[in-house]
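Engineer: Below you will find the structure I want to go over with you.
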Amino acid sequence: MSDRKVRVRFAPSPTGPLHIGGVRTALYNYLFAKQHGGDLIFRIEDTDSSRFVPGAEEYIIESFHWLGIKFDEGVGFGGNYGPYRQSERRDIYKEYVQQLLDKGKAYIAFDTPEELEAKRKEIDNFQYDASTRQLMKNSLTLPAEVVQEMIAEGQQYVVRFLIEPGIDVVVDDMIRGEVHINSSILDDKVLFKSADQLPTYHLANIVDDHLMEVSHVIRGEEWLPSAPLHVLLYDAFGWADTMPRFAHLPLLLKPIGNGKLSKRDGDKLGFPVFPLEWHDPKNGEISSGYREKGYLPEAVLNFLALLGWNPGNDQELMSLDEMVELFDLSKCSKNGAKFDYVKAAWFNHQYLIRQPDEAWTPSFDKLLKEQGVESTPQKEAEVVRMMKLKVIEYVDGQGNKHKRNISFVSDLWPLTKFFFVAPESFDREDKFIKKNWKEETASEMRQFIQVLSSIEDFSVEGQKAVIDPWVEQNGLRPWNAWRICLVGAGQGPDMYELSAFLGKEETLRRMQFAIDTLG
RNA sequence: GGCGCUUUCGUCUAGCGGCUAGGACACAUGCCUCUCACGCAUGGAACACGGGUUCGAUUCCCGUAGGCGCUACCA
């Protein structure tokens with residue numbers, strides 16, 4: 001078992017957009033596979049035909065493409081163990097169900113959903129198991145000829161797994177250790193459905209994992225209760241010696257309140273729970289996505305990886321390759337993690353500030369167009385340069401340069417609007433304006449206008465050459481008031497930089513407007 | 001209800017019998033500064049409870065309580 005080639009799979013159901021928790025599960029599978037030089041398989045588990053949602057499969061593939069998680073084989077990736085879509089494997093499942101039937105490990109049951117419902121009403125905590133199966137309509141209670149007859153008549157039936165009671169079933173979990181469950185509490189699970197003539201998850205997943213030579217099953221904790229059933233299935237097939245190792249991951253929980261993270265929480269609290277924006281084909285509802293919100297895939301992956309796992313030291317920022325190296329299933333935590341979307345934004349900030357300026361320009365350009373602002377790439381590059389100009393001079397202990405506190409490119413608009421749009425009004429209650437626009441400020445600004453008007457060379461150096469001596473001489477500190485004129489608030493870059501960017505004409509125009517408005 | 005998993009600052013977590021219980025996010029204060037940020041520094045903030053085991057428990061065991069999951073012809 002130990003020298004078996006590592007092969008893991010991520011196997012979503014195409015019932016909607018890929019949940020962020022699913023992304024983490026896929027990521028852990030990826031990390032585990034790559035670390036061991038193994039394969040990552042992408043399998044589509046579409047055995048519930050009633051819940052199939054068109055477009056979901058394509059959405060999931062595109063999500064991983066954006067995130068940078070690469071599969072080695074599977075739907076859309078090729079491979080020698082196909083088909084990888086379960087709906088295309090009907091015949092395979094039928095064959096294996098028959099095996100179980102022949103071995104007496106499974107049986108045929110004719111009870112209709114209505115009859116089962118009635119039984120549940122009749123008996124408290126009814127469970128289809130060793131204690132009740134004698135009461136039901138199945139191949140264990142009916143004579144063989146009758147069963148044959150009913151099948152010949154075309155009666156609908158399901159195949160149920162026959163579970164022996166009183167067996168101590170052990171699931172050896174790589175995260176939780178040994179989990180014991182007595183088989184008596186398990187029910188005779190349906191393995192093959194009559195409704196759509198497809199297997200249930202339990203059967204399909206065991207057959208596929210076996211045939212695809214999956215070595216490790218890394219999945220969400222919601223599967224832990226059915227893991228004993230899966231162990232019993234491997235036994236029943238006689239595949240116990242090649243049974244994969246299990247690892248059940250803790251769940252992602254709501255940031256506030258109780259329960260696991262769901263589709264609803266996201267847009268209610270203002271953060272996405274899906275990697276990409278999703279347009280529900282049924283009702284046209286739109287759910288936001290990380291990509292569209294301005295997240296960088298590296299940041300999303302890094303953040304997600306640390307929700308339930310850490311390398312055992314204080315390192316938080318790491319590339320996908322570093323994670324591959326550091327990842328360790330045994331270091332995964334056992335309890336659910338609340339989804340902290342504030343920290344997600346922090347991770348994005350960290351990745352954003354490490355990007356070169358050029359990487360910002362396209363999205364910045366798009367942002368400005370959305371705001372109806374005329375601009376050029378040169379001007380945008382200039383603004384980006386200016387807005388971090390002061391802090392780029394700061395280099396920390398690791399030699400990293402720092403930029404402004406923006407978590408998303410979209411944050412740039414409120415920070416840079418004044419570069420493109422002149423202030424139209426001033427908030428007299430604003431703390432900065434109150435403090436820096438006094439009785440005498442208007443006349444000082446008029447003087448300052450005179451000085452500025454005389455400047456021929458309006459570049460940063462040209463302005464400094466004239467203004468610095470003037471400031472020295474008069475003992476005035478015009479910057480804050482000047483800032484109010486040009487920005488309209490207490491923010492923005494170095495004033496010389498800004499005025500040079502705006503040009504002499506616009507600078508003077510804004511100053512005059514402020515004087516006229518504020519008096 | 002039954003079964004299972006789980007329980008360290010508000011949140012994510014380190015810790016694997018002896019520590020002033022560490023880090024990060026968030027928060028507060030200070031420094032820097034022509035503003036806002038960034039950055040830096042400092043600070044407040046946790047071992048759910050009760051029994052054991054042990055010279056000694058955050059750490060091991062058992063209860064209790066809380067949280068989460070499962071309990072479909074869904075995955």
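A note on labels: chains of the structure tokens are A, B, ... as shown, every chain counts residues from 1, and ligands are counted from 1 in their shown order.
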Using only C-alpha atoms (C1' of nucleotides), determine which residues lie at most 7 Å from U59 in chain B, disregarding the query and same-chain residues fewer than 2 positions distant; provide the list as JSON, numbers by chain.

Structural biologist: {"B": [16, 17, 57]}

Engineer: Write out as a ChimeraX atom specification the residues lying within 10 Å of Leu498 in chain A, counting only C-alpha atoms (C1' of nucleotides) and excluding same-chain residues fewer than 4 positions away.

Structural biologist: /A:383,386-387,418-419,460,483,486-487,492-494,502-503,507

Engineer: For range 373-382 of chain A, please output as a list in words all residues within 10 Å (counting only C-alpha atoms (C1' of nucleotides); exclusion window: fewer than 6 positions along the same chain).

Structural biologist: Asp357, Glu358, Trp360, Thr361, Pro362, Phe364, Asp365, Lys366, Leu367, Leu389, Thr416, Lys417, Phe419, Phe420, Val421, Glu497 and Phe501 of chain A

Engineer: Could you work out which residues of chain B fall inside 12 Å of chain A? Count only C-alpha atoms (C1' of nucleotides), and format the result as a ChimeraX atom specification.

Structural biologist: /B:1-7,10-16,22-26,32-40,66-75

Engineer: As a ChimeraX atom specification, list the residues of range 60-246 of chain A assigned to helix (DSSP H, G or I) by DSSP on the backbone atoms of this structure.

Structural biologist: /A:60-67,86-88,90-103,113-122,133-135,144-152,183-185,201-211,221-237,240-242

Engineer: Just the selected residues (C-alpha atoms), exported as a CSV table (one decimal), in the first residue's frame, please.

Structural biologist:
chain,number,residue,atom,x,y,z
A,60,ILE,CA,-16.1,24.3,-12.5
A,61,ILE,CA,-13.4,23.7,-15.2
A,62,GLU,CA,-13.1,27.4,-15.8
A,63,SER,CA,-12.8,28.0,-12.1
A,64,PHE,CA,-9.8,25.7,-11.8
A,65,HIS,CA,-8.3,27.2,-14.9
A,66,TRP,CA,-8.5,30.7,-13.3
A,67,LEU,CA,-7.2,29.4,-10.0
A,86,GLN,CA,-20.3,8.9,-14.1
A,87,SER,CA,-23.4,9.2,-16.3
A,88,GLU,CA,-21.2,7.6,-19.0
A,90,ARG,CA,-23.8,3.1,-16.4
A,91,ASP,CA,-22.8,-0.3,-17.8
A,92,ILE,CA,-19.8,-0.5,-15.5
A,93,TYR,CA,-21.9,0.0,-12.4
A,94,LYS,CA,-24.5,-2.4,-13.5
A,95,GLU,CA,-21.9,-5.1,-13.8
A,96,TYR,CA,-20.6,-4.5,-10.3
A,97,VAL,CA,-24.0,-4.3,-8.7
A,98,GLN,CA,-24.7,-7.7,-10.3
A,99,GLN,CA,-21.5,-8.9,-8.6
A,100,LEU,CA,-22.7,-7.9,-5.3
A,101,LEU,CA,-26.1,-9.4,-6.0
A,102,ASP,CA,-24.5,-12.7,-7.0
A,103,LYS,CA,-22.4,-12.8,-3.9
A,113,PRO,CA,-41.0,5.8,-2.1
A,114,GLU,CA,-44.6,6.1,-0.9
A,115,GLU,CA,-44.4,2.8,1.0
A,116,LEU,CA,-41.2,3.8,2.6
A,117,GLU,CA,-42.7,7.1,3.6
A,118,ALA,CA,-45.6,5.3,5.2
A,119,LYS,CA,-43.3,3.1,7.1
A,120,ARG,CA,-41.4,6.1,8.5
A,121,LYS,CA,-44.7,7.5,9.7
A,122,GLU,CA,-45.7,4.3,11.2
A,133,ARG,CA,-35.8,-5.7,6.2
A,134,GLN,CA,-37.9,-8.8,6.9
A,135,LEU,CA,-41.0,-6.6,7.0
A,144,ALA,CA,-37.4,-16.2,-5.9
A,145,GLU,CA,-40.1,-16.9,-8.5
A,146,VAL,CA,-42.1,-13.9,-7.4
A,147,VAL,CA,-39.1,-11.7,-7.6
A,148,GLN,CA,-38.4,-12.9,-11.1
A,149,GLU,CA,-42.0,-12.3,-12.0
A,150,MET,CA,-42.1,-8.8,-10.7
A,151,ILE,CA,-39.0,-7.9,-12.5
A,152,ALA,CA,-40.4,-9.5,-15.7
A,183,SER,CA,-22.5,-1.6,11.6
A,184,SER,CA,-25.9,-2.0,13.4
A,185,ILE,CA,-26.5,1.7,13.2
A,201,TYR,CA,-22.8,8.1,-4.8
A,202,HIS,CA,-21.8,5.3,-2.5
A,203,LEU,CA,-21.6,2.6,-5.1
A,204,ALA,CA,-20.3,4.8,-7.9
A,205,ASN,CA,-17.6,6.3,-5.8
A,206,ILE,CA,-16.2,2.9,-4.6
A,207,VAL,CA,-16.3,1.4,-8.1
A,208,ASP,CA,-14.7,4.4,-9.7
A,209,ASP,CA,-12.0,4.9,-7.1
A,210,HIS,CA,-11.1,1.2,-7.3
A,211,LEU,CA,-11.1,1.2,-11.2
A,221,GLU,CA,-16.0,15.9,6.8
A,222,GLU,CA,-19.7,15.5,5.7
A,223,TRP,CA,-18.6,12.2,4.3
A,224,LEU,CA,-17.2,10.8,7.6
A,225,PRO,CA,-20.5,9.2,8.7
A,226,SER,CA,-20.8,7.2,5.5
A,227,ALA,CA,-17.1,6.2,5.4
A,228,PRO,CA,-17.9,3.0,7.3
A,229,LEU,CA,-20.3,2.1,4.7
A,230,HIS,CA,-17.6,2.6,2.1
A,231,VAL,CA,-15.2,0.4,4.0
A,232,LEU,CA,-17.9,-2.3,4.1
A,233,LEU,CA,-18.4,-1.9,0.3
A,234,TYR,CA,-14.6,-2.4,-0.3
A,235,ASP,CA,-14.8,-5.5,1.8
A,236,ALA,CA,-17.9,-6.8,0.0
A,237,PHE,CA,-16.2,-6.4,-3.4
A,240,ALA,CA,-10.0,-4.4,1.0
A,241,ASP,CA,-6.3,-4.6,0.3
A,242,THR,CA,-6.3,-1.8,-2.2

Engineer: Assign secondary structure with DSSP using the backbone only, and return the residues of range 141-366 of chain A in strand (DSSP E) as a PyMOL selection string.

Structural biologist: chain A and resi 158-161+168-173+177-182+190-192+216-220+245-249+252-253+278-279+286-287+337-338

Engineer: May I have the selected residues written with N, CA and C atoms, as a short mmCIF file (atom, residue, chain, number, x, y, z; two decimals), in the first residue's frame?

Structural biologist:
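The resulting file, out_6.cif, is reproduced below:
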data_model
loop_
_atom_site.label_atom_id
_atom_site.label_comp_id
_atom_site.auth_asym_id
_atom_site.auth_seq_id
_atom_site.Cartn_x
_atom_site.Cartn_y
_atom_site.Cartn_z
N VAL A 158 -35.03 -1.16 -6.48
CA VAL A 158 -33.69 -0.65 -6.20
C VAL A 158 -32.85 -1.81 -5.69
N VAL A 159 -31.54 -1.61 -5.69
CA VAL A 159 -30.65 -2.60 -5.10
C VAL A 159 -30.12 -2.01 -3.80
N ARG A 160 -30.28 -2.79 -2.75
CA ARG A 160 -29.79 -2.34 -1.45
C ARG A 160 -28.61 -3.17 -0.98
N PHE A 161 -27.73 -2.52 -0.26
CA PHE A 161 -26.56 -3.18 0.31
C PHE A 161 -26.99 -3.91 1.57
N ASP A 168 -17.89 -4.19 14.20
CA ASP A 168 -17.17 -2.97 14.53
C ASP A 168 -16.38 -2.54 13.30
N VAL A 169 -16.84 -1.50 12.64
CA VAL A 169 -16.18 -1.05 11.42
C VAL A 169 -15.19 0.05 11.77
N VAL A 170 -13.99 -0.10 11.27
CA VAL A 170 -12.95 0.88 11.58
C VAL A 170 -12.57 1.67 10.33
N VAL A 171 -12.64 2.98 10.45
CA VAL A 171 -12.16 3.85 9.37
C VAL A 171 -10.85 4.45 9.86
N ASP A 172 -9.79 4.19 9.13
CA ASP A 172 -8.50 4.75 9.53
C ASP A 172 -8.32 6.07 8.81
N ASP A 173 -8.57 7.15 9.52
CA ASP A 173 -8.53 8.47 8.91
C ASP A 173 -7.18 9.14 9.15
N GLY A 177 -7.42 9.81 12.89
CA GLY A 177 -7.09 8.53 13.51
C GLY A 177 -8.19 7.51 13.27
N GLU A 178 -8.26 6.50 14.10
CA GLU A 178 -9.26 5.46 13.92
C GLU A 178 -10.64 5.90 14.39
N VAL A 179 -11.61 5.73 13.52
CA VAL A 179 -12.98 6.03 13.88
C VAL A 179 -13.76 4.72 13.85
N HIS A 180 -14.35 4.38 14.97
CA HIS A 180 -15.10 3.13 15.07
C HIS A 180 -16.60 3.37 14.97
N ILE A 181 -17.26 2.55 14.18
CA ILE A 181 -18.70 2.62 14.12
C ILE A 181 -19.25 1.20 14.06
N ASN A 182 -20.31 0.97 14.82
CA ASN A 182 -20.93 -0.35 14.79
C ASN A 182 -21.88 -0.43 13.61
N VAL A 190 -29.31 2.26 -0.41
CA VAL A 190 -29.62 2.02 -1.81
C VAL A 190 -28.33 2.20 -2.61
N LEU A 191 -28.01 1.21 -3.42
CA LEU A 191 -26.81 1.30 -4.25
C LEU A 191 -27.16 1.67 -5.70
N PHE A 192 -28.35 1.23 -6.08
CA PHE A 192 -28.76 1.47 -7.46
C PHE A 192 -30.20 1.95 -7.45
N HIS A 216 -5.78 7.68 -2.35
CA HIS A 216 -6.18 8.44 -1.16
C HIS A 216 -7.46 9.21 -1.46
N VAL A 217 -8.39 9.14 -0.54
CA VAL A 217 -9.63 9.91 -0.68
C VAL A 217 -9.59 11.06 0.31
N ILE A 218 -9.44 12.27 -0.24
CA ILE A 218 -9.40 13.46 0.61
C ILE A 218 -10.67 14.24 0.31
N ARG A 219 -11.56 14.30 1.27
CA ARG A 219 -12.86 14.91 1.03
C ARG A 219 -13.37 15.59 2.29
N GLY A 220 -14.52 16.22 2.20
CA GLY A 220 -15.07 16.96 3.33
C GLY A 220 -15.57 16.07 4.44
N ARG A 245 -6.70 5.22 1.32
CA ARG A 245 -6.64 5.80 2.66
C ARG A 245 -7.59 7.00 2.67
N PHE A 246 -8.22 7.22 3.82
CA PHE A 246 -9.16 8.33 3.90
C PHE A 246 -8.61 9.50 4.69
N ALA A 247 -9.04 10.69 4.31
CA ALA A 247 -8.73 11.90 5.08
C ALA A 247 -9.96 12.78 4.99
N HIS A 248 -10.59 13.04 6.11
CA HIS A 248 -11.79 13.88 6.11
C HIS A 248 -11.49 15.26 6.65
N LEU A 249 -11.65 16.23 5.78
CA LEU A 249 -11.29 17.61 6.08
C LEU A 249 -12.37 18.33 6.89
N LEU A 252 -15.88 24.33 6.30
CA LEU A 252 -15.81 25.79 6.36
C LEU A 252 -17.14 26.30 6.91
N LEU A 253 -17.04 27.11 7.96
CA LEU A 253 -18.25 27.59 8.64
C LEU A 253 -18.55 29.05 8.32
N TRP A 278 -21.47 33.66 -10.91
CA TRP A 278 -22.34 32.59 -11.39
C TRP A 278 -23.72 33.15 -11.72
N HIS A 279 -24.17 32.83 -12.93
CA HIS A 279 -25.51 33.24 -13.33
C HIS A 279 -26.39 32.00 -13.31
N ILE A 286 -27.74 36.23 -9.82
CA ILE A 286 -26.30 36.34 -9.99
C ILE A 286 -25.62 36.27 -8.64
N SER A 287 -24.63 35.37 -8.52
CA SER A 287 -23.84 35.28 -7.30
C SER A 287 -22.44 35.77 -7.62
N ALA A 337 -13.55 25.62 10.43
CA ALA A 337 -12.97 26.96 10.47
C ALA A 337 -13.98 27.98 9.98
N LYS A 338 -14.16 29.02 10.79
CA LYS A 338 -15.05 30.09 10.35
C LYS A 338 -14.36 30.86 9.22
#

Engineer: Quick one: pull the distance between CA of Glu424 in chain A and CA of Ile449 in chain A, Å, one decimal.

Structural biologist: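 It comes out at 19.3 Å.
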
Engineer: Please identify all polymer residues within 12 Å of Glu456 in chain A, counting only C-alpha atoms (C1' of nucleotides), omitting same-chain residues fewer than 3 positions from it, and present them as an NGL selection string.

Structural biologist: :A and (451-453 or 459-466 or 500 or 503-505)

Engineer: Please, could you write that set of residues out with N, CA and C atoms as a CSV table (one decimal), in the first residue's frame?

Structural biologist:
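So the final result, stored in again_15.csv, reads:
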chain,number,residue,atom,x,y,z
A,451,VAL,N,2.1,83.4,-7.0
A,451,VAL,CA,3.4,82.7,-7.1
A,451,VAL,C,3.4,81.7,-8.2
A,452,LEU,N,2.3,80.8,-8.1
A,452,LEU,CA,2.3,79.7,-9.1
A,452,LEU,C,2.1,80.3,-10.5
A,453,SER,N,1.4,81.3,-10.7
A,453,SER,CA,1.2,81.9,-12.0
A,453,SER,C,2.5,82.3,-12.7
A,459,SER,N,7.0,71.6,-13.8
A,459,SER,CA,7.4,70.2,-13.3
A,459,SER,C,7.6,70.3,-11.9
A,460,VAL,N,7.7,69.1,-11.2
A,460,VAL,CA,8.0,69.1,-9.8
A,460,VAL,C,9.2,70.0,-9.4
A,461,GLU,N,10.3,69.8,-10.2
A,461,GLU,CA,11.5,70.5,-9.9
A,461,GLU,C,11.3,72.0,-10.1
A,462,GLY,N,10.6,72.3,-11.2
A,462,GLY,CA,10.4,73.7,-11.6
A,462,GLY,C,9.6,74.4,-10.5
A,463,GLN,N,8.6,73.8,-9.9
A,463,GLN,CA,7.7,74.3,-8.9
A,463,GLN,C,8.5,74.5,-7.6
A,464,LYS,N,9.3,73.5,-7.3
A,464,LYS,CA,10.1,73.5,-6.0
A,464,LYS,C,11.0,74.7,-6.0
A,465,ALA,N,11.6,74.9,-7.2
A,465,ALA,CA,12.6,76.0,-7.3
A,465,ALA,C,12.0,77.3,-6.9
A,466,VAL,N,10.8,77.5,-7.2
A,466,VAL,CA,10.1,78.8,-6.9
A,466,VAL,C,9.5,78.8,-5.5
A,500,ALA,N,1.8,69.1,-10.7
A,500,ALA,CA,2.5,68.8,-11.9
A,500,ALA,C,1.7,67.9,-12.8
A,503,GLY,N,-1.3,70.0,-14.1
A,503,GLY,CA,-0.9,71.1,-15.0
A,503,GLY,C,-1.2,72.4,-14.4
A,504,LYS,N,-0.6,73.5,-14.9
A,504,LYS,CA,-0.7,74.8,-14.3
A,504,LYS,C,-2.2,75.3,-14.4
A,505,GLU,N,-2.8,75.1,-15.6
A,505,GLU,CA,-4.1,75.7,-15.8
A,505,GLU,C,-5.1,75.1,-14.9

Engineer: Find the residues around range 3-10 of chain A up to 10 Å (only C-alpha atoms (C1' of nucleotides) counted), leave out those fewer than 5 positions away in its own chain, and share them as a PyMOL selection string.

Structural biologist: chain A and resi 22-23+25-30+32-45+71-74+209+212-219+242+244

Engineer: Export, as an mmCIF file, in the first residue's frame, the selected residues with C-alpha atoms.

Structural biologist:
data_model
loop_
_atom_site.group_PDB
_atom_site.id
_atom_site.type_symbol
_atom_site.label_atom_id
_atom_site.label_comp_id
_atom_site.auth_asym_id
_atom_site.auth_seq_id
_atom_site.Cartn_x
_atom_site.Cartn_y
_atom_site.Cartn_z
ATOM 1 C CA GLY A 22 -14.890 22.587 -2.709
ATOM 2 C CA VAL A 23 -12.039 24.709 -3.969
ATOM 3 C CA THR A 25 -10.804 20.325 -0.989
ATOM 4 C CA ALA A 26 -9.496 20.360 -4.547
ATOM 5 C CA LEU A 27 -6.490 22.407 -3.467
ATOM 6 C CA TYR A 28 -5.568 19.945 -0.722
ATOM 7 C CA ASN A 29 -5.899 17.092 -3.181
ATOM 8 C CA TYR A 30 -3.680 18.984 -5.597
ATOM 9 C CA PHE A 32 -1.023 16.139 -1.776
ATOM 10 C CA ALA A 33 -0.753 14.759 -5.295
ATOM 11 C CA LYS A 34 2.025 17.086 -6.401
ATOM 12 C CA GLN A 35 4.005 16.579 -3.236
ATOM 13 C CA HIS A 36 4.037 12.856 -3.827
ATOM 14 C CA GLY A 37 4.567 13.039 -7.554
ATOM 15 C CA GLY A 38 1.094 11.647 -8.026
ATOM 16 C CA ASP A 39 -1.898 12.303 -10.237
ATOM 17 C CA LEU A 40 -4.931 14.466 -9.660
ATOM 18 C CA ILE A 41 -8.099 13.241 -11.324
ATOM 19 C CA PHE A 42 -11.128 15.331 -12.212
ATOM 20 C CA ARG A 43 -14.267 13.237 -12.109
ATOM 21 C CA ILE A 44 -17.828 14.416 -12.615
ATOM 22 C CA GLU A 45 -20.321 12.759 -10.291
ATOM 23 C CA PHE A 71 -5.532 18.230 -13.254
ATOM 24 C CA ASP A 72 -3.616 15.343 -14.730
ATOM 25 C CA GLU A 73 -6.593 13.469 -16.065
ATOM 26 C CA GLY A 74 -10.350 13.506 -16.081
ATOM 27 C CA ASP A 209 -12.018 4.864 -7.059
ATOM 28 C CA MET A 212 -9.193 4.467 -11.337
ATOM 29 C CA GLU A 213 -6.687 3.173 -8.795
ATOM 30 C CA VAL A 214 -7.257 6.004 -6.399
ATOM 31 C CA SER A 215 -4.858 5.742 -3.481
ATOM 32 C CA HIS A 216 -6.182 8.442 -1.160
ATOM 33 C CA VAL A 217 -9.626 9.908 -0.684
ATOM 34 C CA ILE A 218 -9.402 13.459 0.606
ATOM 35 C CA ARG A 219 -12.864 14.912 1.034
ATOM 36 C CA THR A 242 -6.329 -1.827 -2.230
ATOM 37 C CA PRO A 244 -7.701 3.993 -0.489
#

Engineer: When you draw a straight line from CA of Arg291 in chain A to CA of Leu329 in chain A, how long is it in Å?

Structural biologist: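 The value is 27.9 Å.
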
Engineer: I'd like the interatomic distance between CA of Gly16 in chain A and CA of Val53 in chain A, to a tenth of an Å.

Structural biologist: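 Separating CA of Gly16 in chain A from CA of Val53 in chain A is a distance of 5.9 Å.
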